[in-house]
file data_38.cif (mmCIF, C-alpha atoms)
data_input
#
loop_
_atom_site.label_atom_id
_atom_site.label_comp_id
_atom_site.auth_asym_id
_atom_site.auth_seq_id
_atom_site.Cartn_x
_atom_site.Cartn_y
_atom_site.Cartn_z
CA MET P 212 -20.29 5.88 3.89
CA LYS P 213 -18.90 2.52 2.90
CA ALA P 214 -17.73 0.22 5.70
CA ILE P 215 -15.33 -2.44 4.40
CA MET P 216 -14.74 -5.74 6.21
CA TYR P 217 -11.39 -7.55 6.32
CA HIS P 218 -10.19 -10.72 8.01
CA TYR P 219 -6.82 -12.30 7.17
CA VAL P 220 -4.27 -9.95 5.55
CA ARG P 221 -0.94 -11.71 5.12
CA ASN P 222 1.77 -13.03 2.85
CA SER P 223 1.83 -16.50 1.31
CA ASP P 224 2.93 -19.54 3.32
CA LYS P 225 3.89 -22.76 1.58
CA ASN P 226 2.73 -24.76 4.62
CA PHE P 227 -0.84 -23.52 4.11
CA SER P 228 -1.47 -24.09 0.45
CA TYR P 229 -5.27 -24.01 0.88
CA PHE P 230 -5.42 -20.94 3.13
CA ARG P 231 -7.53 -18.07 1.83
CA TYR P 232 -6.41 -14.54 2.67
CA LEU P 233 -6.00 -11.08 1.21
CA SER P 234 -2.37 -10.61 0.25
CA VAL P 235 -0.54 -7.62 1.72
CA GLU P 236 0.27 -6.51 -1.81
CA ASN P 237 -3.38 -6.45 -2.86
CA PHE P 238 -4.43 -4.86 0.43
CA CYS P 239 -2.11 -1.95 -0.36
CA LYS P 240 -3.42 -1.77 -3.92
CA GLN P 241 -6.99 -1.68 -2.62
CA LEU P 242 -6.14 1.16 -0.24
CA ASP P 243 -4.67 3.05 -3.19
CA PHE P 244 -7.88 2.44 -5.13
CA PHE P 245 -10.07 3.59 -2.23
CA GLU P 246 -8.00 6.74 -1.71
CA LYS P 247 -8.19 7.68 -5.37
CA THR P 248 -11.87 6.78 -5.85
CA PHE P 249 -13.57 7.61 -2.54
CA GLY P 250 -11.26 8.87 0.20
CA PHE P 251 -11.30 7.71 3.83
CA VAL P 252 -13.41 8.62 6.85
CA LYS P 253 -11.35 10.57 9.36
CA ARG P 254 -11.16 9.27 12.91
CA GLU P 255 -12.54 12.43 14.50
CA ASP P 256 -15.48 12.53 12.07
CA PHE P 257 -16.38 8.94 12.91
CA LEU P 258 -16.20 9.60 16.65
CA ASN P 259 -18.43 12.67 16.25
CA LEU P 260 -21.14 10.58 14.59
CA ALA P 261 -21.95 8.98 17.95
CA HIS P 262 -23.43 12.26 19.23
CA ASP P 263 -23.77 14.56 16.21
CA THR P 264 -25.00 13.45 12.79
CA SER P 265 -24.93 16.91 11.21
CA GLY P 266 -21.63 16.19 9.47
CA PHE P 267 -22.79 12.96 7.85
CA GLU P 268 -23.16 14.54 4.42
CA ASN P 269 -19.38 15.01 4.31
CA LEU P 270 -18.89 11.25 4.83
CA LYS P 271 -21.05 10.05 1.95
CA ASN P 272 -19.19 7.49 -0.15
CA LYS P 273 -16.08 7.73 2.09
CA ILE P 274 -14.41 4.47 3.19
CA LEU P 275 -14.44 3.16 6.77
CA LEU P 276 -12.04 0.25 7.32
CA THR P 277 -12.99 -2.58 9.71
CA PHE P 278 -11.02 -5.69 10.67
CA ASP P 279 -12.44 -8.75 12.39
CA ASP P 280 -11.09 -11.40 14.77
CA GLY P 281 -8.03 -9.84 16.39
CA PHE P 282 -5.46 -11.53 14.15
CA ILE P 283 -1.75 -10.86 14.48
CA ASP P 284 -1.94 -10.03 10.75
CA HIS P 285 -3.57 -6.75 11.73
CA TYR P 286 -0.69 -5.73 13.96
CA SER P 287 2.11 -7.02 11.75
CA PHE P 288 0.88 -5.91 8.33
CA VAL P 289 -2.20 -3.68 8.56
CA LEU P 290 -1.15 -1.25 11.30
CA PRO P 291 2.12 -0.13 9.64
CA GLU P 292 0.30 0.54 6.37
CA LEU P 293 -2.48 2.54 8.03
CA LEU P 294 0.00 4.61 10.02
CA LYS P 295 2.01 5.32 6.88
CA ARG P 296 -1.14 6.59 5.17
CA LYS P 297 -2.44 8.43 8.29
CA ILE P 298 -5.78 6.61 8.31
CA PHE P 299 -7.48 4.62 11.05
CA GLY P 300 -9.42 1.38 11.30
CA LEU P 301 -11.84 -0.40 13.61
CA PHE P 302 -10.57 -3.74 14.95
CA PHE P 303 -13.07 -6.18 16.44
CA VAL P 304 -11.74 -8.71 18.95
CA PRO P 305 -13.33 -11.97 20.24
CA THR P 306 -12.19 -11.55 23.83
CA GLY P 307 -12.61 -15.18 24.90
CA VAL P 308 -9.39 -16.11 23.17
CA TYR P 309 -7.38 -14.32 25.88
CA GLY P 310 -8.77 -16.50 28.64
CA ARG P 311 -7.57 -19.74 27.08
CA CYS P 312 -4.52 -21.02 25.26
CA LYS P 313 -6.65 -22.43 22.47
CA ALA P 314 -7.97 -20.74 19.36
CA LEU P 315 -11.68 -20.19 18.92
CA ASP P 316 -13.42 -22.95 17.02
CA VAL P 317 -14.13 -20.77 13.99
CA HIS P 318 -10.41 -20.05 13.61
CA ARG P 319 -9.39 -23.65 14.16
CA ILE P 320 -11.72 -24.42 11.26
CA HIS P 321 -9.90 -21.86 9.08
CA TYR P 322 -6.53 -23.29 10.11
CA LEU P 323 -7.52 -26.87 9.30
CA LEU P 324 -9.00 -25.89 5.95
CA GLY P 325 -5.94 -23.83 5.07
CA LYS P 326 -3.56 -26.61 5.97
CA GLU P 327 -5.35 -29.66 4.60
CA GLY P 328 -8.11 -28.48 2.24
CA GLY P 329 -11.89 -28.87 2.33
CA GLY P 330 -12.09 -32.30 0.72
CA GLN P 331 -9.95 -34.04 3.33
CA MET P 332 -11.63 -32.12 6.17
CA ILE P 333 -15.23 -32.92 5.27
CA GLU P 334 -14.44 -36.59 4.76
CA TYR P 335 -12.63 -36.92 8.08
CA ALA P 336 -15.38 -34.96 9.87
CA LYS P 337 -17.98 -37.41 8.56
CA GLU P 338 -15.95 -40.28 9.99
CA VAL P 339 -15.70 -38.60 13.39
CA LEU P 340 -19.44 -37.83 13.38
CA LYS P 341 -20.25 -41.53 13.03
CA ASN P 342 -19.21 -41.91 16.67
CA PHE P 343 -21.80 -39.32 17.74
CA GLY P 344 -24.76 -40.14 15.53
CA ASP P 345 -27.58 -37.66 14.95
CA THR P 346 -27.49 -36.50 18.60
CA ALA P 347 -24.72 -34.04 17.71
CA LEU P 348 -26.62 -32.50 14.79
CA VAL P 349 -29.27 -29.81 14.83
CA GLU P 350 -30.84 -31.48 11.81
CA SER P 351 -30.12 -34.67 9.93
CA ALA P 352 -26.75 -34.88 8.22
CA ASP P 353 -28.18 -34.98 4.70
CA THR P 354 -29.38 -31.36 4.99
CA ILE P 355 -25.74 -30.31 4.72
CA GLU P 356 -26.01 -30.97 0.98
CA THR P 357 -29.11 -28.83 0.46
CA PHE P 358 -28.53 -25.93 2.87
CA LYS P 359 -28.78 -22.63 0.93
CA GLN P 360 -27.86 -19.88 3.39
CA LYS P 361 -26.42 -16.68 1.89
CA THR P 362 -23.63 -16.50 4.47
CA TYR P 363 -20.91 -17.77 2.12
CA LYS P 364 -22.32 -16.40 -1.12
CA SER P 365 -19.56 -13.79 -1.53
CA GLN P 366 -16.75 -16.24 -0.76
CA SER P 367 -15.02 -18.14 -3.55
CA ASN P 368 -14.78 -21.43 -1.65
CA ASP P 369 -14.91 -24.87 -3.22
CA SER P 370 -18.00 -26.87 -2.29
CA ALA P 371 -16.17 -29.11 0.21
CA THR P 372 -14.80 -26.09 2.09
CA THR P 373 -18.25 -24.51 2.20
CA ASP P 374 -19.80 -27.76 3.45
CA PHE P 375 -17.21 -28.07 6.21
CA LYS P 376 -17.88 -24.50 7.38
CA LYS P 377 -21.64 -24.96 7.31
CA LEU P 378 -21.38 -28.25 9.16
CA PHE P 379 -19.61 -26.68 12.13
CA ASN P 380 -21.20 -23.23 12.08
CA TYR P 381 -24.82 -24.33 11.67
CA TYR P 382 -25.45 -28.06 11.95
CA ILE P 383 -23.36 -29.39 14.81
CA LYS P 384 -24.79 -28.41 18.18
CA TYR P 385 -22.59 -26.05 20.15
CA GLU P 386 -22.25 -28.51 23.04
CA TYR P 387 -20.58 -31.00 20.68
CA ARG P 388 -18.65 -28.71 18.33
CA GLU P 389 -15.50 -28.22 20.37
CA GLN P 390 -15.21 -31.88 21.25
CA ILE P 391 -15.53 -32.94 17.62
CA LEU P 392 -13.02 -30.29 16.50
CA ASP P 393 -10.62 -31.46 19.22
CA GLU P 394 -10.52 -34.89 17.60
CA ILE P 395 -9.93 -33.45 14.15
CA VAL P 396 -7.25 -31.00 15.31
CA ALA P 397 -5.44 -33.75 17.22
CA HIS P 398 -5.24 -35.76 13.98
CA PHE P 399 -3.98 -32.95 11.73
CA ALA P 400 -2.37 -30.20 13.85
CA ASN P 401 -1.50 -28.84 17.32
CA ASP P 402 -3.79 -26.54 19.28
CA ARG P 403 -0.98 -24.64 20.97
CA ASP P 404 0.67 -23.82 17.63
CA ILE P 405 -2.63 -22.56 16.24
CA PHE P 406 -3.18 -20.28 19.22
CA ASP P 407 0.34 -18.93 19.46
CA ASN P 408 0.55 -17.92 15.81
CA LEU P 409 -2.92 -16.49 15.24
CA TYR P 410 -3.84 -13.61 17.57
CA MET P 411 -2.65 -10.22 18.71
CA SER P 412 -1.46 -10.02 22.30
CA ILE P 413 -2.92 -7.57 24.83
CA GLU P 414 0.21 -5.46 24.38
CA ASN P 415 -0.42 -5.43 20.64
CA LEU P 416 -3.98 -4.22 21.25
CA LYS P 417 -2.73 -1.46 23.53
CA SER P 418 -0.26 -0.37 20.88
CA MET P 419 -3.03 -0.33 18.29
CA GLN P 420 -5.20 1.89 20.48
CA ASP P 421 -2.27 4.16 21.37
CA ASN P 422 -1.72 4.66 17.64
CA GLY P 423 -5.27 5.84 17.04
CA MET P 424 -6.94 2.58 16.05
CA ILE P 425 -10.35 1.78 17.58
CA ILE P 426 -10.71 -1.57 19.32
CA GLY P 427 -14.22 -3.00 19.50
CA SER P 428 -15.96 -6.14 20.68
CA HIS P 429 -16.59 -9.21 18.56
CA SER P 430 -18.29 -10.94 21.52
CA ILE P 431 -16.55 -13.48 23.75
CA ASP P 432 -16.80 -16.73 21.84
CA HIS P 433 -17.72 -15.78 18.25
CA LEU P 434 -21.05 -17.62 18.25
CA VAL P 435 -24.14 -17.00 16.12
CA PHE P 436 -26.21 -14.74 18.38
CA SER P 437 -29.56 -15.82 16.98
CA LYS P 438 -28.85 -19.32 18.31
CA LEU P 439 -28.22 -18.04 21.87
CA THR P 440 -30.67 -17.28 24.67
CA GLU P 441 -31.26 -13.64 25.50
CA SER P 442 -29.34 -13.95 28.76
CA GLU P 443 -26.37 -15.52 26.95
CA GLN P 444 -26.41 -12.77 24.33
CA THR P 445 -26.28 -10.18 27.10
CA ARG P 446 -23.39 -12.01 28.77
CA GLN P 447 -21.43 -12.15 25.50
CA ILE P 448 -21.89 -8.39 25.05
CA VAL P 449 -21.29 -7.17 28.59
CA GLN P 450 -18.35 -9.39 29.49
CA SER P 451 -16.54 -8.76 26.21
CA PHE P 452 -16.72 -4.98 26.68
CA THR P 453 -15.73 -5.32 30.33
CA PHE P 454 -12.65 -7.29 29.31
CA LEU P 455 -11.62 -4.66 26.76
CA GLN P 456 -12.11 -1.81 29.21
CA ASN P 457 -10.06 -3.59 31.87
CA ALA P 458 -7.31 -4.40 29.37
CA LEU P 459 -7.17 -1.12 27.45
CA GLY P 460 -8.54 1.53 29.79
CA ASP P 461 -10.85 4.24 28.52
CA MET P 462 -12.20 3.55 25.05
CA PRO P 463 -13.08 6.54 22.84
CA ILE P 464 -16.21 4.81 21.54
CA LYS P 465 -17.99 1.48 22.01
CA THR P 466 -18.30 -0.52 18.82
CA PHE P 467 -19.33 -4.11 18.14
CA CYS P 468 -19.62 -6.42 15.17
CA TYR P 469 -21.71 -9.56 14.91
CA PRO P 470 -20.00 -12.92 14.48
CA TYR P 471 -20.82 -14.22 10.98
CA GLY P 472 -22.64 -10.97 10.35
CA GLY P 473 -25.80 -11.56 8.28
CA PHE P 474 -29.24 -10.46 9.46
CA HIS P 475 -30.14 -14.04 10.38
CA THR P 476 -27.26 -14.08 12.91
CA PHE P 477 -28.80 -11.61 15.38
CA SER P 478 -32.23 -10.40 16.50
CA ASP P 479 -34.15 -7.33 17.63
CA TYR P 480 -33.20 -8.30 21.16
CA THR P 481 -29.49 -8.20 20.27
CA GLU P 482 -29.80 -4.65 18.96
CA GLN P 483 -31.75 -3.60 22.07
CA ALA P 484 -29.20 -5.20 24.39
CA LEU P 485 -26.33 -3.41 22.67
CA SER P 486 -28.13 -0.07 22.91
CA ALA P 487 -28.99 -0.66 26.57
CA TYR P 488 -25.33 -1.35 27.33
CA GLY P 489 -24.25 1.89 25.66
CA CYS P 490 -22.76 0.55 22.45
CA ASP P 491 -22.57 3.37 19.93
CA PHE P 492 -22.41 1.39 16.70
CA ALA P 493 -22.62 -2.29 15.71
CA PHE P 494 -21.86 -3.75 12.29
CA ASN P 495 -23.29 -6.67 10.33
CA VAL P 496 -22.63 -7.82 6.76
CA GLU P 497 -24.87 -6.36 4.06
CA SER P 498 -23.63 -5.08 0.71
CA ARG P 499 -24.74 -1.46 0.75
CA ASP P 500 -23.66 1.95 1.98
CA ILE P 501 -24.40 3.20 5.48
CA SER P 502 -27.12 5.85 5.24
CA LEU P 503 -28.04 8.66 7.60
CA GLU P 504 -31.21 6.69 8.38
CA ASP P 505 -29.05 3.74 9.48
CA ILE P 506 -27.05 5.98 11.83
CA CYS P 507 -30.17 7.56 13.30
CA TYR P 508 -32.58 4.63 13.52
CA ARG P 509 -30.57 1.40 13.44
CA PRO P 510 -27.06 2.19 14.68
CA GLN P 511 -26.75 -1.39 15.97
CA ALA P 512 -27.16 -2.88 12.47
CA LEU P 513 -24.84 -0.91 10.22
CA PRO P 514 -24.08 -2.62 6.89
CA ARG P 515 -20.59 -3.56 5.68
CA TYR P 516 -19.21 -4.67 2.36
CA ASP P 517 -16.78 -7.55 2.14
CA CYS P 518 -13.45 -6.34 0.79
CA ASN P 519 -13.70 -8.88 -2.02
CA GLU P 520 -16.52 -6.85 -3.59
CA PHE P 521 -14.04 -4.18 -4.68
CA ALA P 522 -10.97 -4.02 -6.89
CA TYR P 523 -7.95 -5.98 -5.55
CA GLY P 524 -10.03 -7.54 -2.75
CA LYS P 525 -10.27 -11.12 -3.98
CA ALA P 526 -8.71 -13.77 -1.76
CA SER P 527 -5.42 -15.40 -2.61
CA LEU P 528 -4.93 -19.12 -2.09
CA GLY P 529 -1.86 -20.58 -0.44
#
call {"tool": "encode", "arguments": {"input": "data_38.cif", "output": "structure tokens"}}
result
Amino acid sequence: MKAIMYHYVRNSDKNFSYFRYLSVENFCKQLDFFEKTFGFVKREDFLNLAHDTSGFENLKNKILLTFDDGFIDHYSFVLPELLKRKIFGLFFVPTGVYGRCKALDVHRIHYLLGKEGGGQMIEYAKEVLKNFGDTALVESADTIETFKQKTYKSQSNDSATTDFKKLFNYYIKYEYREQILDEIVAHFANDRDIFDNLYMSIENLKSMQDNGMIIGSHSIDHLVFSKLTESEQTRQIVQSFTFLQNALGDMPIKTFCYPYGGFHTFSDYTEQALSAYGCDFAFNVESRDISLEDICYRPQALPRYDCNEFAYGKASLG
């Protein structure tokens, strides 16, 4: 079984000439390719896997669609296409966004990069950081240039864009990140506009679930779990699921996906905490098929491919 990960799926916007996204046209072409080459996992077969693995052989090489971050793109463009084709998807939502009228930091980063470009962003960020000194950094600022994590390996970003993402996702301490981003956003954009135009509403989520889509947790705040204490990891898991259950009612299955996704972003404790809470399946990012052994022995660390690893999945720009 091949789980495929998507984020932004939208049409071009001249106001965001640096924004990276999968075009609706290419999304549809990729679905055509998947249907012809592999076929799709049926909703009932996926649900059955949580308590009966005997039918797994029938799912080998089939495509399971997953969508991260709760974007309005998924309601406006993805849902109609899935309904037309009579297939389902898993949609993972960072629930903290609904308790504030301000986008999560990771998405503000995407917005700024899409609007202004990586070169301008990294230069302005360096100027803002001068007011904080090394106290705001996990390590010294010069390690930004030499950091070699695999997190962005599959993304076709320019070096400045990659540096800006790494700076905020790994090197600036969490207690400073929002404050520093606030200064940058205030200079280039408007927080309310970012929030209002980015996410699905609760009513959208209800409609998705009513139409057979599966809504799962993407934690509360979209933080790297391996950088959190065990108690904070548990809080992010439990409270995010509680929010979804209160908002959507009974959920047919409990699913989760890790923010940022690679193995270095969560721990053995995270998997144990998810299992203890009753999560059926959790997804990371690892370019290989899901095996029966994964389902049986590590259901809280199921691998996913990025959509850009397959035909028609490369990001468009602008």
call {"tool": "closest_residue", "arguments": {"input": "data_38.cif", "among": "P:Leu315, P:Ala347, P:Ala214, P:Val304", "to": "P:Gly281", "atoms": "all atoms listed in the file"}}
result
P:Val304
call {"tool": "resolve_selection", "arguments": {"input": "data_38.cif", "expression": "the PyMOL selection byres ((chain P and resi 468-474) around 10)", "output": "PyMOL selection string"}}
result
chain P and resi 277-280+301-305+317+360-363+380+427-437+466-467+475-478+481+492-497+511-515
call {"tool": "atom_distance", "arguments": {"input": "data_38.cif", "atom1": "atom CA of P:Val339", "atom2": "atom CA of P:Tyr382"}}
result
14.4 Å
call {"tool": "residues_around", "arguments": {"input": "data_38.cif", "residues": "P:Asp517", "least_positions_apart": "2", "cutoff": "6 Å", "atoms": "all atoms listed in the file", "output": "number ranges by chain"}}
result
P: 215-216, 519-520
call {"tool": "resolve_selection", "arguments": {"input": "data_38.cif", "expression": "the PyMOL selection byres ((chain P and resi 463-465) around 10)", "output": "PDB file with C-alpha atoms, in the coordinates of the input"}}
result
ATOM      1  CA  PHE P 257     -16.380   8.940  12.910  1.00  0.00           C
ATOM      2  CA  LEU P 258     -16.200   9.600  16.650  1.00  0.00           C
ATOM      3  CA  ASN P 259     -18.430  12.670  16.250  1.00  0.00           C
ATOM      4  CA  ALA P 261     -21.950   8.980  17.950  1.00  0.00           C
ATOM      5  CA  GLN P 420      -5.200   1.890  20.480  1.00  0.00           C
ATOM      6  CA  GLY P 423      -5.270   5.840  17.040  1.00  0.00           C
ATOM      7  CA  MET P 424      -6.940   2.580  16.050  1.00  0.00           C
ATOM      8  CA  ILE P 425     -10.350   1.780  17.580  1.00  0.00           C
ATOM      9  CA  ILE P 426     -10.710  -1.570  19.320  1.00  0.00           C
ATOM     10  CA  GLY P 427     -14.220  -3.000  19.500  1.00  0.00           C
ATOM     11  CA  SER P 428     -15.960  -6.140  20.680  1.00  0.00           C
ATOM     12  CA  PHE P 452     -16.720  -4.980  26.680  1.00  0.00           C
ATOM     13  CA  GLN P 456     -12.110  -1.810  29.210  1.00  0.00           C
ATOM     14  CA  GLY P 460      -8.540   1.530  29.790  1.00  0.00           C
ATOM     15  CA  ASP P 461     -10.850   4.240  28.520  1.00  0.00           C
ATOM     16  CA  MET P 462     -12.200   3.550  25.050  1.00  0.00           C
ATOM     17  CA  THR P 466     -18.300  -0.520  18.820  1.00  0.00           C
ATOM     18  CA  PHE P 467     -19.330  -4.110  18.140  1.00  0.00           C
ATOM     19  CA  LEU P 485     -26.330  -3.410  22.670  1.00  0.00           C
ATOM     20  CA  TYR P 488     -25.330  -1.350  27.330  1.00  0.00           C
ATOM     21  CA  GLY P 489     -24.250   1.890  25.660  1.00  0.00           C
ATOM     22  CA  CYS P 490     -22.760   0.550  22.450  1.00  0.00           C
ATOM     23  CA  ASP P 491     -22.570   3.370  19.930  1.00  0.00           C
ATOM     24  CA  PHE P 492     -22.410   1.390  16.700  1.00  0.00           C
ATOM     25  CA  ALA P 493     -22.620  -2.290  15.710  1.00  0.00           C
TER      26      ALA P 493
END
call {"tool": "resolve_selection", "arguments": {"input": "data_38.cif", "expression": "the PyMOL selection byres ((chain P and resi 397-400) around 12)", "output": "PyMOL selection string"}}
result
chain P and resi 226-227+319-320+322-328+331-332+335-336+339+389-396+401-406
call {"tool": "atom_distance", "arguments": {"input": "data_38.cif", "atom1": "atom CA of P:Asp284", "atom2": "atom CA of P:Arg221"}}
result
6.0 Å
call {"tool": "atom_distance", "arguments": {"input": "data_38.cif", "atom1": "atom CA of P:Ala314", "atom2": "atom CA of P:Glu236"}}
result
26.8 Å
call {"tool": "closest_residue", "arguments": {"input": "data_38.cif", "among": "P:Lys297, P:His218, P:Arg311, P:His321", "to": "P:Phe282", "atoms": "all atoms listed in the file"}}
result
P:His218
call {"tool": "closest_residue", "arguments": {"input": "data_38.cif", "among": "P:Ser223, P:Thr248, P:Ser442, P:Asn272", "to": "P:Ser502", "atoms": "all atoms listed in the file"}}
result
P:Asn272
call {"tool": "closest_residue", "arguments": {"input": "data_38.cif", "among": "P:Asn342, P:Asn269, P:Asn415, P:Thr264", "to": "P:Phe249", "atoms": "all atoms listed in the file"}}
result
P:Asn269
call {"tool": "axis_aligned_box", "arguments": {"input": "data_38.cif", "around": "stretch 269-276 of chain P", "padding_each_side": "3 Å", "output": "lines of an AutoDock Vina configuration file"}}
result
center_x = -16.5
center_y = 7.6
center_z = 3.6
size_x = 15.0
size_y = 20.8
size_z = 13.5
call {"tool": "decode", "arguments": {"input": "data_38.cif", "residues": "stretch 366-399 of chain P", "atoms": "C-alpha atoms", "output": "short mmCIF file (atom, residue, chain, number, x, y, z; two decimals), in the first residue's frame"}}
result
data_model
loop_
_atom_site.label_atom_id
_atom_site.label_comp_id
_atom_site.auth_asym_id
_atom_site.auth_seq_id
_atom_site.Cartn_x
_atom_site.Cartn_y
_atom_site.Cartn_z
CA GLN P 366 11.59 19.62 -2.06
CA SER P 367 12.82 21.70 -4.97
CA ASN P 368 13.44 24.86 -2.93
CA ASP P 369 16.13 27.42 -3.63
CA SER P 370 18.82 27.59 -0.96
CA ALA P 371 17.48 30.80 0.62
CA THR P 372 14.01 29.30 1.03
CA THR P 373 15.47 26.16 2.59
CA ASP P 374 17.61 28.24 4.96
CA PHE P 375 14.61 30.29 6.06
CA LYS P 376 12.59 27.13 6.79
CA LYS P 377 15.44 25.50 8.70
CA LEU P 378 16.05 28.67 10.69
CA PHE P 379 12.52 28.74 12.06
CA ASN P 380 11.81 25.02 12.25
CA TYR P 381 15.07 23.95 13.89
CA TYR P 382 17.32 26.77 15.06
CA ILE P 383 15.15 29.42 16.66
CA LYS P 384 13.90 28.35 20.08
CA TYR P 385 10.16 27.85 20.26
CA GLU P 386 9.76 30.52 22.94
CA TYR P 387 11.13 33.13 20.52
CA ARG P 388 9.79 31.88 17.18
CA GLU P 389 6.34 33.46 17.25
CA GLN P 390 7.64 36.80 18.46
CA ILE P 391 10.25 36.96 15.71
CA LEU P 392 7.71 35.92 13.07
CA ASP P 393 5.31 38.58 14.37
CA GLU P 394 7.87 41.25 13.51
CA ILE P 395 8.45 39.84 10.04
CA VAL P 396 4.74 39.40 9.28
CA ALA P 397 4.00 42.94 10.45
CA HIS P 398 6.55 44.23 7.93
CA PHE P 399 5.35 42.22 4.92
#
